[in-house]
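Source file: start-v7.tsv (TSV, C-alpha atoms)
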chain	number	residue	atom	x	y	z
A	1	MET	CA	10.46	64.08	0.39
A	2	LYS	CA	9.75	61.30	-2.06
A	3	VAL	CA	6.76	59.39	-0.71
A	4	LEU	CA	5.47	56.09	-2.10
A	5	VAL	CA	1.88	55.22	-1.22
A	6	ILE	CA	0.85	51.60	-1.80
A	7	GLY	CA	-2.91	51.82	-2.25
A	8	GLY	CA	-4.47	55.08	-1.14
A	9	THR	CA	-6.91	55.81	-3.96
A	10	LYS	CA	-10.07	55.66	-1.82
A	11	PHE	CA	-11.54	56.39	1.61
A	12	PHE	CA	-9.01	57.89	4.06
A	13	GLY	CA	-6.20	57.49	1.55
A	14	ILE	CA	-7.65	60.52	-0.25
A	15	PRO	CA	-7.22	63.07	2.59
A	16	MET	CA	-3.83	61.51	3.31
A	17	ILE	CA	-2.54	62.09	-0.22
A	18	LYS	CA	-4.08	65.57	-0.36
A	19	ASP	CA	-2.24	66.45	2.85
A	20	LEU	CA	1.04	65.02	1.56
A	21	LEU	CA	0.73	67.07	-1.61
A	22	ALA	CA	-0.17	70.22	0.35
A	23	LYS	CA	3.07	69.78	2.29
A	24	GLY	CA	5.04	69.69	-0.95
A	25	HIS	CA	5.96	66.02	-0.97
A	26	ASP	CA	6.71	64.19	-4.22
A	27	VAL	CA	4.03	61.47	-4.18
A	28	THR	CA	3.96	58.22	-6.15
A	29	ILE	CA	0.94	55.91	-5.95
A	30	ALA	CA	1.44	52.17	-6.47
A	31	THR	CA	-1.74	50.21	-7.26
A	32	ARG	CA	-3.07	47.49	-9.54
A	33	GLY	CA	-4.17	50.27	-11.86
A	34	VAL	CA	-7.82	49.23	-11.64
A	35	ALA	CA	-9.35	52.02	-9.55
A	36	LYS	CA	-9.19	55.55	-10.92
A	37	ASP	CA	-8.09	58.43	-8.73
A	38	ALA	CA	-8.72	62.17	-8.83
A	39	PHE	CA	-5.13	63.36	-8.42
A	40	GLY	CA	-4.40	63.96	-12.09
A	41	ASN	CA	-0.80	64.94	-12.83
A	42	THR	CA	-0.07	65.88	-9.20
A	43	VAL	CA	1.16	62.33	-8.50
A	44	LYS	CA	3.21	59.68	-10.26
A	45	ARG	CA	1.85	56.16	-10.69
A	46	ILE	CA	3.30	52.64	-10.71
A	47	ILE	CA	1.36	49.47	-11.54
A	48	ILE	CA	2.09	46.58	-9.17
A	49	ASP	CA	0.86	43.22	-7.96
A	50	LYS	CA	1.68	43.23	-4.27
A	51	ASN	CA	1.32	39.43	-4.14
A	52	ASN	CA	3.99	38.85	-6.77
A	53	PRO	CA	7.59	39.44	-5.57
A	54	LYS	CA	8.98	39.39	-9.14
A	55	ILE	CA	6.58	42.13	-10.26
A	56	MET	CA	7.35	44.09	-7.11
A	57	SER	CA	11.10	43.79	-7.73
A	58	ASP	CA	10.80	44.90	-11.35
A	59	ALA	CA	8.46	47.80	-10.52
A	60	PHE	CA	10.80	49.39	-7.97
A	61	LYS	CA	14.18	48.57	-9.47
A	62	ASN	CA	16.62	51.49	-9.16
A	63	LEU	CA	14.09	53.62	-7.25
A	64	HIS	CA	14.51	55.11	-3.78
A	65	PHE	CA	11.82	56.59	-1.53
A	66	ASP	CA	12.24	58.53	1.68
A	67	ILE	CA	8.90	57.20	2.94
A	68	VAL	CA	6.74	54.22	2.03
A	69	ILE	CA	3.14	54.20	3.30
A	70	ASP	CA	1.63	50.75	2.81
A	71	LYS	CA	-2.13	51.08	3.22
A	72	ILE	CA	-3.10	47.70	1.82
A	73	ALA	CA	-0.72	45.16	3.36
A	74	TYR	CA	-2.71	42.51	5.19
A	75	CYS	CA	-0.29	39.75	6.04
A	76	SER	CA	3.33	38.88	6.67
A	77	ASN	CA	3.99	38.02	3.01
A	78	ASP	CA	2.68	41.45	1.96
A	79	ILE	CA	5.19	43.05	4.33
A	80	LYS	CA	7.98	40.82	3.03
A	81	TYR	CA	7.34	41.56	-0.64
A	82	ALA	CA	7.20	45.31	0.01
A	83	ILE	CA	10.19	45.68	2.33
A	84	GLU	CA	12.49	43.35	0.41
A	85	ASN	CA	11.76	44.91	-2.99
A	86	ILE	CA	11.58	48.64	-2.23
A	87	ASP	CA	14.51	50.86	-1.25
A	88	PHE	CA	13.33	53.27	1.47
A	89	ASP	CA	14.30	55.14	4.61
A	90	LYS	CA	11.04	54.76	6.55
A	91	PHE	CA	8.16	52.29	6.21
A	92	ILE	CA	4.68	53.14	7.56
A	93	TYR	CA	2.31	50.17	7.76
A	94	MET	CA	-1.46	50.59	8.10
A	95	SER	CA	-2.18	48.16	10.90
A	96	THR	CA	-5.30	47.91	13.09
A	97	THR	CA	-6.44	47.73	16.69
A	98	ALA	CA	-7.71	44.25	15.77
A	99	VAL	CA	-4.18	43.03	16.66
A	100	TYR	CA	-5.10	43.48	20.32
A	101	ASP	CA	-6.47	40.29	21.84
A	102	PRO	CA	-8.58	41.45	23.46
A	103	LYS	CA	-9.10	45.19	23.13
A	104	THR	CA	-9.85	46.68	26.54
A	105	ILE	CA	-10.63	50.02	28.11
A	106	ASN	CA	-7.58	52.27	27.65
A	107	THR	CA	-5.86	49.91	25.18
A	108	LYS	CA	-2.18	50.86	24.89
A	109	GLU	CA	0.41	50.02	22.25
A	110	GLU	CA	2.28	47.84	24.73
A	111	ASP	CA	-0.73	45.51	24.88
A	112	TYR	CA	0.52	43.89	21.68
A	113	ASN	CA	4.20	43.32	21.02
A	114	GLY	CA	5.12	41.06	18.10
A	115	THR	CA	8.66	40.45	19.28
A	116	ASN	CA	7.87	37.29	21.22
A	117	LYS	CA	4.97	35.99	19.12
A	118	LYS	CA	5.25	33.10	16.68
A	119	LEU	CA	5.92	34.47	13.20
A	120	ILE	CA	4.09	32.68	10.38
A	121	TRP	CA	4.60	33.64	6.76
A	122	CYS	CA	1.06	33.78	5.45
A	123	ASN	CA	-1.30	35.19	2.86
A	124	ARG	CA	-4.50	37.11	3.46
A	125	GLU	CA	-6.76	34.08	3.05
A	126	ASP	CA	-4.77	31.88	5.46
A	127	ALA	CA	-6.39	33.09	8.67
A	128	SER	CA	-8.78	35.66	10.14
A	129	TYR	CA	-8.31	39.37	9.47
A	130	SER	CA	-7.01	39.99	12.99
A	131	GLU	CA	-4.55	37.10	12.85
A	132	VAL	CA	-3.00	37.93	9.46
A	133	LYS	CA	-2.64	41.56	10.58
A	134	ARG	CA	-0.83	40.32	13.70
A	135	GLN	CA	1.48	38.27	11.52
A	136	ALA	CA	2.25	41.36	9.46
A	137	GLU	CA	3.33	43.13	12.64
A	138	ASN	CA	5.21	40.05	13.84
A	139	ALA	CA	7.26	40.23	10.64
A	140	LEU	CA	8.12	43.88	11.32
A	141	TYR	CA	9.10	43.18	14.92
A	142	GLN	CA	11.16	40.08	14.21
A	143	LYS	CA	12.36	39.93	10.61
A	144	TYR	CA	12.72	43.65	9.95
A	145	SER	CA	13.68	45.02	13.35
A	146	ASP	CA	16.65	46.74	11.70
A	147	LYS	CA	14.33	48.85	9.53
A	148	ASN	CA	12.78	52.18	10.47
A	149	TRP	CA	9.11	51.22	10.58
A	150	VAL	CA	5.84	52.45	12.06
A	151	ALA	CA	2.70	50.34	12.58
A	152	VAL	CA	-0.36	52.58	12.82
A	153	ARG	CA	-3.26	51.00	14.70
A	154	TYR	CA	-6.75	52.38	14.07
A	155	PRO	CA	-10.13	51.12	15.26
A	156	VAL	CA	-13.03	51.25	12.77
A	157	VAL	CA	-12.65	54.26	10.46
A	158	LEU	CA	-15.87	56.17	9.75
A	159	GLY	CA	-16.69	58.76	7.12
A	160	LYS	CA	-19.15	59.73	4.41
A	161	ASP	CA	-17.20	57.74	1.82
A	162	ASP	CA	-16.96	54.57	3.91
A	163	TYR	CA	-17.31	51.86	1.29
A	164	THR	CA	-17.86	49.14	3.94
A	165	LYS	CA	-21.26	50.65	4.87
A	166	ARG	CA	-21.07	49.03	8.30
A	167	LEU	CA	-22.31	52.03	10.27
A	168	LEU	CA	-24.97	52.56	7.60
A	169	PHE	CA	-26.27	49.05	8.40
A	170	TYR	CA	-27.41	50.10	11.88
A	171	ILE	CA	-28.96	53.35	10.69
A	172	GLU	CA	-30.81	51.90	7.72
A	173	ASN	CA	-32.12	48.89	9.59
A	174	THR	CA	-33.33	51.12	12.41
A	175	ILE	CA	-35.18	53.47	10.06
A	176	LYS	CA	-36.70	50.58	8.10
A	177	SER	CA	-37.39	48.47	11.22
A	178	ILE	CA	-35.42	45.55	9.81
A	179	PRO	CA	-34.55	43.09	12.62
A	180	MET	CA	-30.91	43.11	13.72
A	181	ASN	CA	-29.01	40.66	15.89
A	182	ILE	CA	-26.65	42.85	17.94
A	183	ASP	CA	-24.62	41.19	20.68
A	184	ASN	CA	-22.84	44.29	22.01
A	185	LEU	CA	-25.58	46.92	22.01
A	186	ASN	CA	-24.44	48.77	25.14
A	187	LYS	CA	-20.68	48.30	24.86
A	188	GLN	CA	-18.67	51.51	24.66
A	189	MET	CA	-16.36	51.46	21.62
A	190	GLY	CA	-13.89	53.75	19.88
A	191	TYR	CA	-13.72	55.00	16.29
A	192	ILE	CA	-11.74	57.42	14.15
A	193	ASN	CA	-12.85	59.97	11.56
A	194	SER	CA	-11.63	59.23	8.02
A	195	ASP	CA	-10.23	62.71	7.47
A	196	GLU	CA	-8.09	62.52	10.61
A	197	ALA	CA	-7.09	58.93	9.82
A	198	GLY	CA	-5.60	60.17	6.57
A	199	LYS	CA	-3.97	63.25	8.04
A	200	PHE	CA	-2.36	61.33	10.89
A	201	LEU	CA	-0.62	59.04	8.40
A	202	SER	CA	0.63	62.13	6.56
A	203	PHE	CA	1.75	63.64	9.88
A	204	LEU	CA	3.89	60.58	10.64
A	205	THR	CA	5.95	61.04	7.46
A	206	ASP	CA	7.56	64.14	9.01
A	207	CYS	CA	7.69	62.79	12.55
A	208	PRO	CA	10.79	61.13	14.09
A	209	PHE	CA	8.91	58.14	15.49
A	210	SER	CA	9.24	54.41	15.00
A	211	GLY	CA	7.31	51.46	16.40
A	212	ALA	CA	3.60	50.86	16.99
A	213	ILE	CA	1.24	53.79	17.54
A	214	ASN	CA	-2.49	54.13	18.13
A	215	GLY	CA	-4.80	56.60	16.47
A	216	ALA	CA	-8.42	57.21	17.47
A	217	SER	CA	-10.88	59.97	18.22
A	218	TYR	CA	-11.15	60.89	21.87
A	219	GLY	CA	-14.04	59.19	23.66
A	220	THR	CA	-16.36	56.29	22.94
A	221	ILE	CA	-19.97	55.63	22.02
A	222	SER	CA	-22.24	52.59	22.13
A	223	LEU	CA	-24.31	51.20	19.29
A	224	GLY	CA	-27.30	51.65	21.59
A	225	GLU	CA	-26.62	55.39	21.75
A	226	ILE	CA	-26.34	55.56	17.98
A	227	ILE	CA	-29.59	53.68	17.47
A	228	GLU	CA	-31.40	55.77	20.07
A	229	TYR	CA	-30.27	58.94	18.30
A	230	VAL	CA	-31.61	57.62	14.98
A	231	GLU	CA	-34.91	56.64	16.62
A	232	ASN	CA	-35.36	60.08	18.18
A	233	LYS	CA	-34.36	61.83	14.96
A	234	THR	CA	-36.61	59.83	12.66
A	235	GLY	CA	-39.43	58.52	14.84
A	236	SER	CA	-38.48	54.97	13.86
A	237	LYS	CA	-38.07	51.98	16.14
A	238	ALA	CA	-35.18	49.53	15.96
A	239	ILE	CA	-35.96	45.82	16.18
A	240	ILE	CA	-33.23	44.01	18.09
A	241	ASP	CA	-33.78	40.28	17.81
A	242	ILE	CA	-31.54	37.24	17.82
A	243	SER	CA	-33.27	36.02	14.66
A	244	GLY	CA	-32.35	39.22	12.80
A	245	GLU	CA	-29.43	39.82	10.47
A	246	ASN	CA	-26.09	39.66	12.26
A	247	ALA	CA	-24.73	43.17	12.79
A	248	PRO	CA	-21.24	43.98	11.41
A	249	TYR	CA	-19.65	44.99	14.72
A	250	ASN	CA	-20.79	41.89	16.59
A	251	GLU	CA	-18.26	40.31	18.95
A	252	ASP	CA	-16.39	43.57	19.45
A	253	PRO	CA	-15.87	44.04	23.20
A	254	GLU	CA	-16.12	47.23	25.19
A	255	PHE	CA	-12.91	49.16	24.60
A	256	SER	CA	-11.23	52.53	24.28
A	257	ILE	CA	-7.95	53.40	22.56
A	258	ASN	CA	-5.15	55.21	24.37
A	259	THR	CA	-3.54	57.87	22.13
A	260	GLU	CA	-1.00	59.33	24.56
A	261	LYS	CA	1.89	58.52	22.20
A	262	ALA	CA	0.28	60.43	19.33
A	263	ASP	CA	-0.60	63.28	21.70
A	264	SER	CA	3.03	63.51	22.84
A	265	LEU	CA	4.14	63.88	19.23
A	266	GLY	CA	1.88	66.88	18.81
A	267	PHE	CA	-1.08	65.37	16.94
A	268	LYS	CA	-4.46	66.06	18.51
A	269	PHE	CA	-7.47	64.02	17.48
A	270	SER	CA	-11.01	65.34	17.64
A	271	ASN	CA	-13.66	64.30	20.13
A	272	LEU	CA	-15.77	61.47	18.74
A	273	LYS	CA	-19.09	63.04	19.70
A	274	ASP	CA	-18.16	66.32	18.01
A	275	TRP	CA	-18.48	64.67	14.57
A	276	ILE	CA	-20.28	61.35	14.73
A	277	TYR	CA	-23.79	62.78	15.02
A	278	ASP	CA	-23.23	64.89	11.89
A	279	LEU	CA	-22.17	61.71	10.11
A	280	ILE	CA	-25.27	59.89	11.33
A	281	ASP	CA	-27.42	62.78	10.08
A	282	TYR	CA	-25.73	62.45	6.68
A	283	TYR	CA	-26.66	58.76	6.52
A	284	ILE	CA	-30.19	59.45	7.70
A	285	ASN	CA	-30.71	61.92	4.87
A	286	ILE	CA	-29.44	59.37	2.36
A	287	ILE	CA	-31.95	56.76	3.52
A	288	LYS	CA	-35.01	58.95	4.00

How would this structure read if it were set down as structure tokens?
Amino acid sequence: MKVLVIGGTKFFGIPMIKDLLAKGHDVTIATRGVAKDAFGNTVKRIIIDKNNPKIMSDAFKNLHFDIVIDKIAYCSNDIKYAIENIDFDKFIYMSTTAVYDPKTINTKEEDYNGTNKKLIWCNREDASYSEVKRQAENALYQKYSDKNWVAVRYPVVLGKDDYTKRLLFYIENTIKSIPMNIDNLNKQMGYINSDEAGKFLSFLTDCPFSGAINGASYGTISLGEIIEYVENKTGSKAIIDISGENAPYNEDPEFSINTEKADSLGFKFSNLKDWIYDLIDYYINIIK
């Protein structure tokens, strides 16, 4: 199949594209052309400005794709400019579990349905991350209900190449005894491994599914458990204090992500605690 990937040159886009290529798909990457990638002549490339509908129209004129995977759409206008300027059979949007308000234990896809929400055409800077991502989904549900689309909802994605360095914050500050203000220390929360996050997106290109779908590793862990592991491993002592630097996952509630839909399609995620401690060890070795 001819697959267009909007974004995808870093983090879990890399295992996604590698998996698409391994399956024999004809892959085109559409980016601003700023970040280099390591795919050489195995992919085609198109330069775009996703915020400019004229550039989008010109870039994709007379082209057809079986699948579009949009990894970098944030808001309803991003969805509009992509869907209305690209000819495709199936559109896969990289959404987020941040659309759930709130996330809860056993969060299911039905907990957010954009059909009956107020649709606002917006840009990324117009509202919070969670709200503009909801508006992107609202556009799919309401404006483009006639299209074959999938909204993939992940919690925080973790991996060695995580450029956000949010998990690293807790590990480094614990080892260096830098005070942290953490307001959800003992809340159980879900995550997904970057390799599986990429491969699940690739999996969905060949899967006859449409609508919203969750992806997450099985199980949960608390920040307190992570910090305790680092303390025991390194002999350090975390300083949890309200006067410390605000931690990146603050305000996240206790939650877990239901993946029964993905399971029923035949995709099996790994258990969170089978890989997260190896990742923590990797970060510990970087800091020490």

Protein/DNA/RNA residues near (12.3, 37.4, 12.1), cut 10 Å, all atoms listed in the file, as a short mmCIF file (atom, residue, chain, number, x, y, z; two decimals) with C-alpha atoms, keeping the file's coordinate frame:
data_model
loop_
_atom_site.label_atom_id
_atom_site.label_comp_id
_atom_site.auth_asym_id
_atom_site.auth_seq_id
_atom_site.Cartn_x
_atom_site.Cartn_y
_atom_site.Cartn_z
CA THR A 115 8.66 40.45 19.28
CA LYS A 118 5.25 33.10 16.68
CA LEU A 119 5.92 34.47 13.20
CA ILE A 120 4.09 32.68 10.38
CA ASN A 138 5.21 40.05 13.84
CA ALA A 139 7.26 40.23 10.64
CA LEU A 140 8.12 43.88 11.32
CA TYR A 141 9.10 43.18 14.92
CA GLN A 142 11.16 40.08 14.21
CA LYS A 143 12.36 39.93 10.61
CA TYR A 144 12.72 43.65 9.95
CA SER A 145 13.68 45.02 13.35
#

Write out as lines of an AutoDock Vina configuration file an axis-aligned box for range 130-146 of chain A: all of its atoms listed in the file, 3 Å added on each side, centre and edge lengths in Å with one decimal.
center_x = 4.8
center_y = 41.9
center_z = 12.2
size_x = 29.7
size_y = 15.6
size_z = 11.5

Residue contacts of Lys44 in chain A (8 Å, all atoms listed in the file) excluding same-chain residues fewer than 2 positions away, as a list of chain:residue names | A:Val27, A:Thr28, A:Ile29, A:Asn41, A:Thr42, A:Ile46

How many Å separate CA of Thr107 in chain A from CA of Thr259 in chain A?
->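 Going from CA of Thr107 in chain A over to CA of Thr259 in chain A, I get 8.8 Å.
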
Non-local contacts of Lys273 in chain A (10 Å; all atoms listed in the file; under 5 positions in same chain excluded) as a list in words =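 The filter keeps Ser217, Tyr218, Gly219, Thr220, Ile221 and Asp278 of chain A.
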
Between CA of Gly211 in chain A and CA of Val157 in chain A, distance in Å (one decimal) = 21.0 Å

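Considering the residues A:Ile192, A:Ile72, A:Ala212, A:Val150 and counting only C-alpha atoms, Asn51 in chain A has its shortest atom-to-atom contact with A:Ile72.
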
Return the single residue from A:Ser202, A:Ser76, A:Ser222, A:Ser177 that is closest to Gly235 in chain A, with distances computed using all atoms listed in the file.
->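 For Gly235 in chain A, the nearest of the candidates is A:Ser177.
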
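The closest residue to Gly8 in chain A, picked from A:Lys71, A:Lys288, A:Arg124, A:Lys176 and counting all atoms listed in the file, is A:Lys71.
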
Could you give me, as number ranges by chain, the residues that have an atom at most 8 Å away from the point (-21.1, 44.5, 10.4) in the coordinates of the file, using all atoms listed in the file?
-> A: 166-167, 169, 246-250

For each of A:Lys199, A:Arg134, A:Lys160, A:Lys237, take the minimum atom-to-atom distance to Asn173 in chain A, counting all atoms listed in the file, then give the residue where this is smallest.
-> A:Lys237

Within 8 Å of Gly215 in chain A, counting all atoms listed in the file, which residues show up once you throw out same-chain ones fewer than 4 positions away? Write them as a PyMOL selection string, please.
-> chain A and resi 152-155+192+197+200+257+259+262+269

Which is closest to Ile86 in chain A among A:Ser130, A:Ala35, A:Ile6, A:Ser194, if we use all atoms listed in the file?
->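 Closest to Ile86 in chain A of all the choices is A:Ile6.
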
Residue nearest Tyr129 in chain A - candidates A:Ala73, A:Asn148, A:Phe91, A:Ile105, atoms counted: only C-alpha atoms =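 Of A:Ala73, A:Asn148, A:Phe91, A:Ile105, the one nearest Tyr129 in chain A is A:Ala73, counting only C-alpha atoms.
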
Compile the contact shell of Phe209 in chain A as a PyMOL selection string: residues with an atom at most 12 Å away, counting all atoms listed in the file, same-chain residues fewer than 4 positions apart removed.
-> chain A and resi 90-92+148-152+201+203-205+213+261-262+264-266

Excluding Ala82 in chain A and any residue of its chain fewer than 6 positions from it, enumerate the residues within 9 Å of it, using all atoms listed in the file, and give them as JSON, numbers by chain.
-> {"A": [50, 53, 56, 57, 70, 73]}

Would you mind reading off the distance between CA of Leu272 in chain A and CA of Asn285 in chain A, one decimal, in Å?
->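 Separation between CA of Leu272 in chain A and CA of Asn285 in chain A: 20.4 Å.
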